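Structure record follows, encoded as structure tokens.
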Amino acid sequence: MNIVMLLSLPFRYKPWRPRHLRLIVNDLLQPASNKPQSHHMHLAGAIDWLCRAQDVRKDLPDAGIAAGWSFADGWLPSYPETTGYIIETFLAAAKILDRPELILRAQRMIDWERSLQQQDGAFPGHFGETGSQPVIFNTGQIMHGMLAGYLQLGRNECLASAVQAGKWLVQQQDDDGSWRKFEHNGIPHVYNTRGTWALAATGLLANEPTLLRAARRNLEWALTRQTQSGWFANNAFTQEKLPFTHTIAYAIRGLLECGVLLEEDRYLSAALSAARCMAHVQHTDGDLAGTYADNWEPRASYSCLTGIAQMSINWMRLAQEADAPELREHALRAIEFLKRTQRLDDEDDAVKGGIAGSCPIWGAYSRFEYPNWAAKFFADALIMDMTDEIIPPVATRLVKPGGQYHG
């Protein structure tokens, strides 16, 4: 990145500000160069950052997590979608860090999410501002938070919220199993399988066959979008773009967990095929390209840090569930790479402990931002490697034959 590129950036990024310029220069001189510390230290740093992202919204009557911190806008508004699945992260971190206050934070997040749910079951998209339309993917991710509230905190009203949201998803589903209504840019996305995972889990826990049938329809459609190389078409935010590592990892995780939940080897095999290809193109230092074309051709010179964290989780899960122990080493490499990008001692509270969208920070994924979901998935990866447990718990392991929950 040179002066010409800096000057050509949109004005809203304000790269000349000392606060911003320091981060740019750091990545120019030594990207991903911090000395890794213990998992515990890195986890505490990520969780502390997420807590600050929640506390920074104290001026507003909500308990959501700010979407992140950005050069353009500073701390962003609370984000319903990602707050939903950060609930499970706080509950897991509360145990391993011995921080019971994280459970109280998760309870407040659940209350806030439930206050946003519409009468038809949908949750609002974007930041939940007045007039925002619901989004299929976002509703699915908030369902994960509702399931965490039910399974881990015993809140029956959370399962009711998840069922109501699931029925809304079923109503919007197209005949081919995909979703086009209430979708980003009005096009179907394979990465919705991560929401389908919540739909399937809700169907099992609540004994709702309609939700299970809809989940299977979406998964069958997703399989038709996987190419011979294991890559997924229709998996980017827009039709003309290539998928980020982030959305590829979403698609893999959804198929993986649905394969486990529904005891369907085809879904698990599809996830394993893609994950093994990702392992093959992983750099020796643990890095991955920010985007990939079919046949796993890298098309970006930057890293999508969120996607790397997600892939570390996918590799660990497949080592557990798909008799692929060799993938564990790829997960560890990814985690060590991410550690080198996390600034544990930074002077800026907006940066300290967070994970940037891209490395270097001007990469095209969440450019000049520290998104909350990057810290969430990094925290999940660390906890899963430390405990060999699953975040979130797989629902069928808590379900008796016939679909009845037992705590």
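We name chains A, B, ... following the order of the structure tokens; residues begin at 1 in each chain, and ligands are numbered from 1 as shown.
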(request) Do a neighbour search on Pro371 of chain A at 6 Å with only C-alpha atoms, toss out local chain neighbours closer than 3 positions, and write the hits as a PyMOL selection string. (result) chain A and resi 67-68+374
(message) At a cut-off of 9 Å, using only C-alpha atoms, what residues contact segment 251-259 of chain A? Leave out same-chain residues fewer than 4 positions from it and give the result as a PyMOL selection string.
(response) chain A and resi 189-198+200-201+215-216+219+222-223+232+235+246-247+263-272+274-275+310-311+313-314+317-318+321+394
Serialized selection, C-alpha atoms, as a PDB file, in the first residue's frame:
```pdb
ATOM      1  CA  HIS A 189     -26.955 -17.762  -0.598  1.00  0.00           C
ATOM      2  CA  VAL A 190     -25.465 -21.115   0.347  1.00  0.00           C
ATOM      3  CA  TYR A 191     -24.078 -19.624   3.547  1.00  0.00           C
ATOM      4  CA  ASN A 192     -27.642 -19.598   4.882  1.00  0.00           C
ATOM      5  CA  THR A 193     -26.885 -23.176   5.942  1.00  0.00           C
ATOM      6  CA  ARG A 194     -25.573 -21.674   9.175  1.00  0.00           C
ATOM      7  CA  GLY A 195     -29.081 -20.415   9.873  1.00  0.00           C
ATOM      8  CA  THR A 196     -30.502 -23.724   8.669  1.00  0.00           C
ATOM      9  CA  TRP A 197     -28.464 -25.352  11.433  1.00  0.00           C
ATOM     10  CA  ALA A 198     -30.471 -23.344  13.990  1.00  0.00           C
ATOM     11  CA  ALA A 200     -32.897 -27.932  12.303  1.00  0.00           C
ATOM     12  CA  ALA A 201     -31.889 -27.768  15.963  1.00  0.00           C
ATOM     13  CA  ALA A 215     -34.087 -27.383   6.902  1.00  0.00           C
ATOM     14  CA  ARG A 216     -33.594 -30.463   4.747  1.00  0.00           C
ATOM     15  CA  LEU A 219     -29.538 -28.340   2.654  1.00  0.00           C
ATOM     16  CA  ALA A 222     -27.058 -26.183  -1.008  1.00  0.00           C
ATOM     17  CA  LEU A 223     -25.635 -29.517  -2.177  1.00  0.00           C
ATOM     18  CA  PHE A 232     -19.757 -23.444  -3.454  1.00  0.00           C
ATOM     19  CA  ASN A 235     -22.092 -18.111  -1.820  1.00  0.00           C
ATOM     20  CA  HIS A 246     -15.944 -15.928   5.829  1.00  0.00           C
ATOM     21  CA  THR A 247     -18.984 -17.039   3.809  1.00  0.00           C
ATOM     22  CA  GLU A 263     -27.356 -37.990  11.014  1.00  0.00           C
ATOM     23  CA  GLU A 264     -26.967 -37.369   7.292  1.00  0.00           C
ATOM     24  CA  ASP A 265     -23.557 -38.366   5.932  1.00  0.00           C
ATOM     25  CA  ARG A 266     -24.026 -36.475   2.657  1.00  0.00           C
ATOM     26  CA  TYR A 267     -24.091 -33.127   4.433  1.00  0.00           C
ATOM     27  CA  LEU A 268     -21.071 -34.003   6.543  1.00  0.00           C
ATOM     28  CA  SER A 269     -19.210 -35.255   3.454  1.00  0.00           C
ATOM     29  CA  ALA A 270     -19.900 -32.016   1.587  1.00  0.00           C
ATOM     30  CA  ALA A 271     -18.462 -30.047   4.502  1.00  0.00           C
ATOM     31  CA  LEU A 272     -15.444 -32.329   4.737  1.00  0.00           C
ATOM     32  CA  ALA A 274     -14.648 -28.239   1.150  1.00  0.00           C
ATOM     33  CA  ALA A 275     -12.709 -28.130   4.419  1.00  0.00           C
ATOM     34  CA  GLN A 310     -14.203 -19.929  11.456  1.00  0.00           C
ATOM     35  CA  MET A 311     -12.120 -22.421   9.497  1.00  0.00           C
ATOM     36  CA  ILE A 313     -13.443 -24.221  14.232  1.00  0.00           C
ATOM     37  CA  ASN A 314     -14.563 -26.200  11.178  1.00  0.00           C
ATOM     38  CA  ARG A 317     -15.219 -30.073  14.430  1.00  0.00           C
ATOM     39  CA  LEU A 318     -14.425 -32.304  11.463  1.00  0.00           C
ATOM     40  CA  GLU A 321     -16.996 -35.815  13.830  1.00  0.00           C
ATOM     41  CA  VAL A 394     -24.942 -29.873  19.547  1.00  0.00           C
TER      42      VAL A 394
END
```
(request) Work out how far apart atom CA of Phe182 of chain A and atom CA of Gln117 of chain A are and give it in Å to one decimal. (result)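 So the answer is 15.3 Å.
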(request) Tell me which of A:Ile308, A:Trp112, A:Gln152, A:Ile103 sits closest to Gly128 of chain A, counting only C-alpha atoms. (result)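 The answer is A:Trp112, which sits nearest to Gly128 of chain A.
Comparing A:Asp345, A:Ala63, A:Ala324, A:Ile361 by their smallest distance to Asp111 of chain A, the closest is A:Ala63 (using only C-alpha atoms).
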Could you pull out the alpha helix (DSSP H) residues of segment 84-310 of chain A, going by DSSP on the backbone, and write them as a compact mmCIF listing (two decimals) with N, CA and C atoms, in the first residue's frame?
```
# COMPACT_ATOMS: atom_id res chain seq x y z
N GLY A 84 -26.75 -12.14 18.68
CA GLY A 84 -27.43 -13.42 18.87
C GLY A 84 -26.47 -14.56 19.08
N TYR A 85 -25.46 -14.69 18.23
CA TYR A 85 -24.58 -15.85 18.42
C TYR A 85 -23.40 -15.57 19.35
N ILE A 86 -23.23 -14.34 19.81
CA ILE A 86 -22.22 -14.07 20.83
C ILE A 86 -22.72 -14.54 22.20
N ILE A 87 -24.02 -14.70 22.36
CA ILE A 87 -24.58 -15.20 23.62
C ILE A 87 -23.92 -16.52 24.00
N GLU A 88 -23.81 -17.45 23.06
CA GLU A 88 -23.21 -18.75 23.35
C GLU A 88 -21.73 -18.62 23.69
N THR A 89 -21.06 -17.63 23.11
CA THR A 89 -19.64 -17.41 23.39
C THR A 89 -19.45 -16.93 24.82
N PHE A 90 -20.30 -16.00 25.28
CA PHE A 90 -20.20 -15.51 26.65
C PHE A 90 -20.47 -16.62 27.66
N LEU A 91 -21.44 -17.47 27.36
CA LEU A 91 -21.75 -18.56 28.28
C LEU A 91 -20.58 -19.54 28.39
N ALA A 92 -19.93 -19.83 27.27
CA ALA A 92 -18.77 -20.73 27.30
C ALA A 92 -17.59 -20.07 28.00
N ALA A 93 -17.36 -18.79 27.71
CA ALA A 93 -16.22 -18.09 28.31
C ALA A 93 -16.40 -17.90 29.81
N ALA A 94 -17.63 -17.78 30.27
CA ALA A 94 -17.89 -17.61 31.70
C ALA A 94 -17.32 -18.77 32.49
N LYS A 95 -17.40 -19.97 31.94
CA LYS A 95 -16.89 -21.15 32.63
C LYS A 95 -15.38 -21.21 32.59
N ILE A 96 -14.81 -21.06 31.42
CA ILE A 96 -13.37 -21.29 31.29
C ILE A 96 -12.56 -20.15 31.90
N GLU A 101 -20.01 -13.01 35.63
CA GLU A 101 -20.71 -11.81 35.14
C GLU A 101 -21.02 -11.92 33.65
N LEU A 102 -20.30 -12.78 32.94
CA LEU A 102 -20.58 -12.97 31.52
C LEU A 102 -21.94 -13.63 31.31
N ILE A 103 -22.38 -14.43 32.27
CA ILE A 103 -23.71 -15.03 32.18
C ILE A 103 -24.77 -13.94 32.30
N LEU A 104 -24.56 -13.00 33.19
CA LEU A 104 -25.51 -11.88 33.33
C LEU A 104 -25.54 -11.05 32.05
N ARG A 105 -24.38 -10.85 31.46
CA ARG A 105 -24.36 -10.12 30.19
C ARG A 105 -25.15 -10.87 29.12
N ALA A 106 -24.98 -12.19 29.07
CA ALA A 106 -25.71 -13.00 28.09
C ALA A 106 -27.22 -12.93 28.34
N GLN A 107 -27.61 -12.93 29.60
CA GLN A 107 -29.04 -12.82 29.92
C GLN A 107 -29.61 -11.51 29.40
N ARG A 108 -28.86 -10.42 29.58
CA ARG A 108 -29.31 -9.11 29.11
C ARG A 108 -29.40 -9.09 27.59
N MET A 109 -28.46 -9.75 26.93
CA MET A 109 -28.49 -9.81 25.47
C MET A 109 -29.72 -10.56 24.97
N ILE A 110 -30.06 -11.64 25.67
CA ILE A 110 -31.26 -12.40 25.31
C ILE A 110 -32.50 -11.53 25.46
N ASP A 111 -32.59 -10.83 26.58
CA ASP A 111 -33.75 -9.97 26.81
C ASP A 111 -33.88 -8.93 25.71
N TRP A 112 -32.75 -8.35 25.32
CA TRP A 112 -32.77 -7.33 24.26
C TRP A 112 -33.22 -7.93 22.93
N GLU A 113 -32.68 -9.08 22.59
CA GLU A 113 -33.06 -9.72 21.33
C GLU A 113 -34.55 -10.02 21.31
N ARG A 114 -35.07 -10.56 22.41
CA ARG A 114 -36.49 -10.91 22.44
C ARG A 114 -37.37 -9.66 22.34
N SER A 115 -36.87 -8.55 22.84
CA SER A 115 -37.65 -7.31 22.74
C SER A 115 -37.76 -6.82 21.31
N LEU A 116 -36.86 -7.29 20.43
CA LEU A 116 -36.85 -6.87 19.03
C LEU A 116 -37.69 -7.76 18.12
N ILE A 136 -33.18 -13.14 6.31
CA ILE A 136 -33.21 -14.57 6.58
C ILE A 136 -32.02 -14.99 7.43
N PHE A 137 -30.82 -14.64 6.98
CA PHE A 137 -29.62 -15.08 7.68
C PHE A 137 -29.58 -14.53 9.10
N ASN A 138 -29.87 -13.26 9.25
CA ASN A 138 -29.81 -12.63 10.57
C ASN A 138 -30.76 -13.30 11.55
N THR A 139 -31.97 -13.59 11.09
CA THR A 139 -32.93 -14.26 11.96
C THR A 139 -32.39 -15.62 12.41
N GLY A 140 -31.78 -16.35 11.49
CA GLY A 140 -31.21 -17.65 11.84
C GLY A 140 -30.12 -17.55 12.90
N GLN A 141 -29.29 -16.51 12.81
CA GLN A 141 -28.21 -16.38 13.79
C GLN A 141 -28.75 -16.01 15.17
N ILE A 142 -29.80 -15.21 15.21
CA ILE A 142 -30.40 -14.86 16.50
C ILE A 142 -31.07 -16.09 17.11
N MET A 143 -31.57 -16.99 16.27
CA MET A 143 -32.13 -18.24 16.78
C MET A 143 -31.09 -19.04 17.55
N HIS A 144 -29.82 -18.96 17.12
CA HIS A 144 -28.76 -19.65 17.88
C HIS A 144 -28.70 -19.11 19.30
N GLY A 145 -28.85 -17.80 19.45
CA GLY A 145 -28.85 -17.22 20.78
C GLY A 145 -30.03 -17.67 21.61
N MET A 146 -31.19 -17.80 20.96
CA MET A 146 -32.37 -18.27 21.68
C MET A 146 -32.18 -19.73 22.13
N LEU A 147 -31.56 -20.53 21.29
CA LEU A 147 -31.31 -21.92 21.68
C LEU A 147 -30.32 -22.00 22.84
N ALA A 148 -29.34 -21.10 22.85
CA ALA A 148 -28.41 -21.07 23.98
C ALA A 148 -29.15 -20.72 25.27
N GLY A 149 -30.07 -19.77 25.18
CA GLY A 149 -30.86 -19.40 26.35
C GLY A 149 -31.69 -20.56 26.87
N TYR A 150 -32.22 -21.36 25.97
CA TYR A 150 -33.04 -22.50 26.37
C TYR A 150 -32.19 -23.65 26.90
N LEU A 151 -31.18 -24.05 26.12
CA LEU A 151 -30.40 -25.23 26.47
C LEU A 151 -29.49 -25.00 27.67
N GLN A 152 -28.93 -23.82 27.78
CA GLN A 152 -27.91 -23.58 28.80
C GLN A 152 -28.41 -22.78 30.00
N LEU A 153 -29.48 -22.03 29.82
CA LEU A 153 -29.99 -21.21 30.91
C LEU A 153 -31.39 -21.63 31.34
N ASN A 156 -37.40 -21.29 28.94
CA ASN A 156 -38.35 -21.89 28.00
C ASN A 156 -38.86 -20.89 26.97
N GLU A 157 -38.96 -19.62 27.37
CA GLU A 157 -39.46 -18.61 26.43
C GLU A 157 -38.52 -18.43 25.24
N CYS A 158 -37.25 -18.80 25.42
CA CYS A 158 -36.29 -18.68 24.32
C CYS A 158 -36.58 -19.72 23.24
N LEU A 159 -36.95 -20.93 23.66
CA LEU A 159 -37.31 -21.94 22.66
C LEU A 159 -38.56 -21.50 21.91
N ALA A 160 -39.52 -20.91 22.63
CA ALA A 160 -40.73 -20.41 21.96
C ALA A 160 -40.38 -19.35 20.93
N SER A 161 -39.43 -18.48 21.26
CA SER A 161 -39.00 -17.45 20.30
C SER A 161 -38.33 -18.08 19.09
N ALA A 162 -37.52 -19.11 19.33
CA ALA A 162 -36.85 -19.78 18.22
C ALA A 162 -37.85 -20.47 17.31
N VAL A 163 -38.86 -21.11 17.89
CA VAL A 163 -39.89 -21.78 17.08
C VAL A 163 -40.64 -20.75 16.24
N GLN A 164 -41.00 -19.65 16.85
CA GLN A 164 -41.72 -18.61 16.12
C GLN A 164 -40.88 -18.07 14.96
N ALA A 165 -39.58 -17.86 15.21
CA ALA A 165 -38.69 -17.39 14.15
C ALA A 165 -38.54 -18.45 13.06
N GLY A 166 -38.45 -19.70 13.48
CA GLY A 166 -38.32 -20.78 12.50
C GLY A 166 -39.53 -20.88 11.59
N LYS A 167 -40.71 -20.69 12.14
CA LYS A 167 -41.92 -20.74 11.32
C LYS A 167 -41.95 -19.59 10.32
N TRP A 168 -41.41 -18.44 10.72
CA TRP A 168 -41.31 -17.33 9.76
C TRP A 168 -40.36 -17.70 8.63
N LEU A 169 -39.23 -18.34 8.95
CA LEU A 169 -38.31 -18.78 7.90
C LEU A 169 -38.99 -19.73 6.93
N VAL A 170 -39.76 -20.66 7.45
CA VAL A 170 -40.46 -21.63 6.60
C VAL A 170 -41.41 -20.91 5.65
N GLN A 171 -42.09 -19.90 6.12
CA GLN A 171 -43.05 -19.17 5.29
C GLN A 171 -42.38 -18.44 4.13
N GLN A 172 -41.12 -18.08 4.30
CA GLN A 172 -40.43 -17.31 3.25
C GLN A 172 -39.68 -18.21 2.26
N THR A 193 -26.88 -21.90 5.22
CA THR A 193 -26.88 -23.18 5.94
C THR A 193 -26.55 -22.98 7.42
N ARG A 194 -25.86 -21.89 7.76
CA ARG A 194 -25.57 -21.67 9.18
C ARG A 194 -26.84 -21.31 9.95
N GLY A 195 -27.77 -20.65 9.28
CA GLY A 195 -29.08 -20.42 9.87
C GLY A 195 -29.94 -21.67 9.84
N THR A 196 -29.77 -22.46 8.78
CA THR A 196 -30.50 -23.72 8.67
C THR A 196 -30.13 -24.66 9.81
N TRP A 197 -28.90 -24.59 10.26
CA TRP A 197 -28.46 -25.35 11.43
C TRP A 197 -29.35 -25.02 12.64
N ALA A 198 -29.60 -23.74 12.88
CA ALA A 198 -30.47 -23.34 13.99
C ALA A 198 -31.90 -23.81 13.75
N LEU A 199 -32.34 -23.77 12.49
CA LEU A 199 -33.68 -24.21 12.14
C LEU A 199 -33.85 -25.70 12.44
N ALA A 200 -32.84 -26.49 12.05
CA ALA A 200 -32.90 -27.93 12.30
C ALA A 200 -32.86 -28.23 13.81
N ALA A 201 -31.99 -27.54 14.52
CA ALA A 201 -31.89 -27.77 15.96
C ALA A 201 -33.19 -27.42 16.66
N THR A 202 -33.82 -26.32 16.24
CA THR A 202 -35.10 -25.93 16.83
C THR A 202 -36.16 -26.97 16.54
N GLY A 203 -36.17 -27.47 15.31
CA GLY A 203 -37.14 -28.50 14.96
C GLY A 203 -37.00 -29.74 15.81
N LEU A 204 -35.75 -30.14 16.08
CA LEU A 204 -35.53 -31.32 16.92
C LEU A 204 -35.93 -31.06 18.37
N LEU A 205 -35.52 -29.94 18.91
CA LEU A 205 -35.80 -29.65 20.31
C LEU A 205 -37.29 -29.46 20.59
N ALA A 206 -37.99 -28.84 19.66
CA ALA A 206 -39.41 -28.54 19.85
C ALA A 206 -40.32 -29.59 19.22
N PRO A 209 -41.85 -31.00 13.04
CA PRO A 209 -41.45 -31.60 11.76
C PRO A 209 -41.39 -30.60 10.61
N THR A 210 -42.25 -29.58 10.64
CA THR A 210 -42.25 -28.60 9.55
C THR A 210 -40.91 -27.88 9.46
N LEU A 211 -40.32 -27.57 10.60
CA LEU A 211 -39.01 -26.91 10.60
C LEU A 211 -37.93 -27.84 10.07
N LEU A 212 -38.02 -29.11 10.44
CA LEU A 212 -37.03 -30.08 9.97
C LEU A 212 -37.12 -30.28 8.46
N ARG A 213 -38.32 -30.34 7.94
CA ARG A 213 -38.48 -30.51 6.49
C ARG A 213 -37.90 -29.32 5.74
N ALA A 214 -38.16 -28.12 6.25
CA ALA A 214 -37.63 -26.92 5.60
C ALA A 214 -36.11 -26.90 5.66
N ALA A 215 -35.55 -27.33 6.78
CA ALA A 215 -34.09 -27.38 6.90
C ALA A 215 -33.50 -28.34 5.87
N ARG A 216 -34.10 -29.50 5.72
CA ARG A 216 -33.59 -30.46 4.75
C ARG A 216 -33.70 -29.93 3.32
N ARG A 217 -34.80 -29.22 3.01
CA ARG A 217 -34.95 -28.66 1.67
C ARG A 217 -33.81 -27.68 1.36
N ASN A 218 -33.47 -26.85 2.34
CA ASN A 218 -32.39 -25.90 2.10
C ASN A 218 -31.05 -26.60 1.94
N LEU A 219 -30.81 -27.62 2.74
CA LEU A 219 -29.54 -28.34 2.65
C LEU A 219 -29.42 -29.08 1.32
N GLU A 220 -30.52 -29.63 0.84
CA GLU A 220 -30.49 -30.30 -0.46
C GLU A 220 -30.19 -29.31 -1.57
N TRP A 221 -30.78 -28.11 -1.48
CA TRP A 221 -30.47 -27.08 -2.46
C TRP A 221 -29.00 -26.71 -2.39
N ALA A 222 -28.46 -26.56 -1.18
CA ALA A 222 -27.06 -26.18 -1.01
C ALA A 222 -26.13 -27.21 -1.66
N LEU A 223 -26.47 -28.49 -1.56
CA LEU A 223 -25.63 -29.52 -2.18
C LEU A 223 -25.57 -29.35 -3.69
N THR A 224 -26.64 -28.87 -4.30
CA THR A 224 -26.63 -28.67 -5.75
C THR A 224 -25.71 -27.53 -6.17
N THR A 245 -13.65 -15.92 2.39
CA THR A 245 -13.39 -17.08 3.24
C THR A 245 -14.44 -17.17 4.34
N HIS A 246 -14.90 -16.03 4.80
CA HIS A 246 -15.94 -15.93 5.83
C HIS A 246 -17.22 -16.66 5.42
N THR A 247 -17.73 -16.40 4.21
CA THR A 247 -18.98 -17.04 3.81
C THR A 247 -18.77 -18.50 3.42
N ILE A 248 -17.59 -18.82 2.90
CA ILE A 248 -17.27 -20.23 2.64
C ILE A 248 -17.32 -21.02 3.94
N ALA A 249 -16.73 -20.45 4.98
CA ALA A 249 -16.70 -21.13 6.28
C ALA A 249 -18.08 -21.24 6.88
N TYR A 250 -18.92 -20.22 6.69
CA TYR A 250 -20.31 -20.31 7.14
C TYR A 250 -21.00 -21.51 6.49
N ALA A 251 -20.86 -21.65 5.18
CA ALA A 251 -21.52 -22.74 4.46
C ALA A 251 -21.04 -24.09 4.97
N ILE A 252 -19.74 -24.20 5.19
CA ILE A 252 -19.18 -25.47 5.67
C ILE A 252 -19.74 -25.80 7.06
N ARG A 253 -19.76 -24.81 7.96
CA ARG A 253 -20.22 -25.09 9.32
C ARG A 253 -21.69 -25.52 9.33
N GLY A 254 -22.51 -24.87 8.53
CA GLY A 254 -23.91 -25.24 8.50
C GLY A 254 -24.13 -26.67 8.04
N LEU A 255 -23.45 -27.04 6.96
CA LEU A 255 -23.58 -28.41 6.46
C LEU A 255 -23.02 -29.42 7.45
N LEU A 256 -21.90 -29.08 8.05
CA LEU A 256 -21.26 -29.95 9.02
C LEU A 256 -22.20 -30.26 10.19
N GLU A 257 -22.69 -29.19 10.83
CA GLU A 257 -23.50 -29.40 12.03
C GLU A 257 -24.86 -30.01 11.71
N CYS A 258 -25.41 -29.69 10.55
CA CYS A 258 -26.67 -30.33 10.16
C CYS A 258 -26.45 -31.80 9.86
N GLY A 259 -25.28 -32.14 9.31
CA GLY A 259 -24.97 -33.55 9.11
C GLY A 259 -24.95 -34.32 10.41
N VAL A 260 -24.40 -33.69 11.45
CA VAL A 260 -24.36 -34.32 12.77
C VAL A 260 -25.76 -34.39 13.37
N LEU A 261 -26.46 -33.27 13.36
CA LEU A 261 -27.80 -33.22 13.96
C LEU A 261 -28.77 -34.20 13.32
N ASP A 265 -24.97 -38.35 6.34
CA ASP A 265 -23.56 -38.37 5.93
C ASP A 265 -23.28 -37.47 4.73
N ARG A 266 -24.28 -37.28 3.85
CA ARG A 266 -24.03 -36.48 2.66
C ARG A 266 -23.70 -35.04 3.01
N TYR A 267 -24.37 -34.50 4.02
CA TYR A 267 -24.09 -33.13 4.43
C TYR A 267 -22.70 -33.03 5.07
N LEU A 268 -22.38 -33.99 5.90
CA LEU A 268 -21.07 -34.00 6.54
C LEU A 268 -19.97 -34.19 5.50
N SER A 269 -20.21 -35.03 4.51
CA SER A 269 -19.21 -35.26 3.45
C SER A 269 -18.97 -34.00 2.62
N ALA A 270 -20.05 -33.27 2.35
CA ALA A 270 -19.90 -32.02 1.59
C ALA A 270 -19.04 -31.02 2.36
N ALA A 271 -19.27 -30.93 3.67
CA ALA A 271 -18.46 -30.05 4.50
C ALA A 271 -17.02 -30.50 4.53
N LEU A 272 -16.81 -31.79 4.67
CA LEU A 272 -15.44 -32.33 4.74
C LEU A 272 -14.68 -32.09 3.45
N SER A 273 -15.36 -32.27 2.31
CA SER A 273 -14.71 -32.04 1.01
C SER A 273 -14.20 -30.61 0.90
N ALA A 274 -15.05 -29.64 1.23
CA ALA A 274 -14.65 -28.24 1.15
C ALA A 274 -13.55 -27.91 2.16
N ALA A 275 -13.68 -28.44 3.37
CA ALA A 275 -12.71 -28.13 4.42
C ALA A 275 -11.34 -28.71 4.10
N ARG A 276 -11.30 -29.88 3.52
CA ARG A 276 -10.01 -30.47 3.14
C ARG A 276 -9.36 -29.65 2.03
N CYS A 277 -10.16 -29.13 1.12
CA CYS A 277 -9.61 -28.26 0.07
C CYS A 277 -9.05 -26.98 0.69
N MET A 278 -9.74 -26.42 1.65
CA MET A 278 -9.25 -25.23 2.33
C MET A 278 -7.94 -25.53 3.06
N ALA A 279 -7.85 -26.70 3.64
CA ALA A 279 -6.61 -27.08 4.31
C ALA A 279 -5.46 -27.18 3.31
N HIS A 280 -5.76 -27.66 2.13
CA HIS A 280 -4.73 -27.82 1.09
C HIS A 280 -4.16 -26.48 0.65
N VAL A 281 -5.00 -25.44 0.63
CA VAL A 281 -4.52 -24.12 0.17
C VAL A 281 -4.07 -23.23 1.33
N LEU A 305 -9.69 -12.36 8.36
CA LEU A 305 -9.38 -12.96 9.66
C LEU A 305 -10.57 -13.69 10.26
N THR A 306 -11.76 -13.16 10.04
CA THR A 306 -12.96 -13.85 10.53
C THR A 306 -13.05 -15.25 9.94
N GLY A 307 -12.84 -15.36 8.64
CA GLY A 307 -12.91 -16.65 7.97
C GLY A 307 -11.86 -17.62 8.47
N ILE A 308 -10.67 -17.13 8.78
CA ILE A 308 -9.62 -18.00 9.30
C ILE A 308 -10.04 -18.56 10.66
N ALA A 309 -10.62 -17.70 11.51
CA ALA A 309 -11.11 -18.18 12.81
C ALA A 309 -12.20 -19.23 12.61
N GLN A 310 -13.12 -18.98 11.70
CA GLN A 310 -14.20 -19.93 11.46
C GLN A 310 -13.67 -21.25 10.93
```
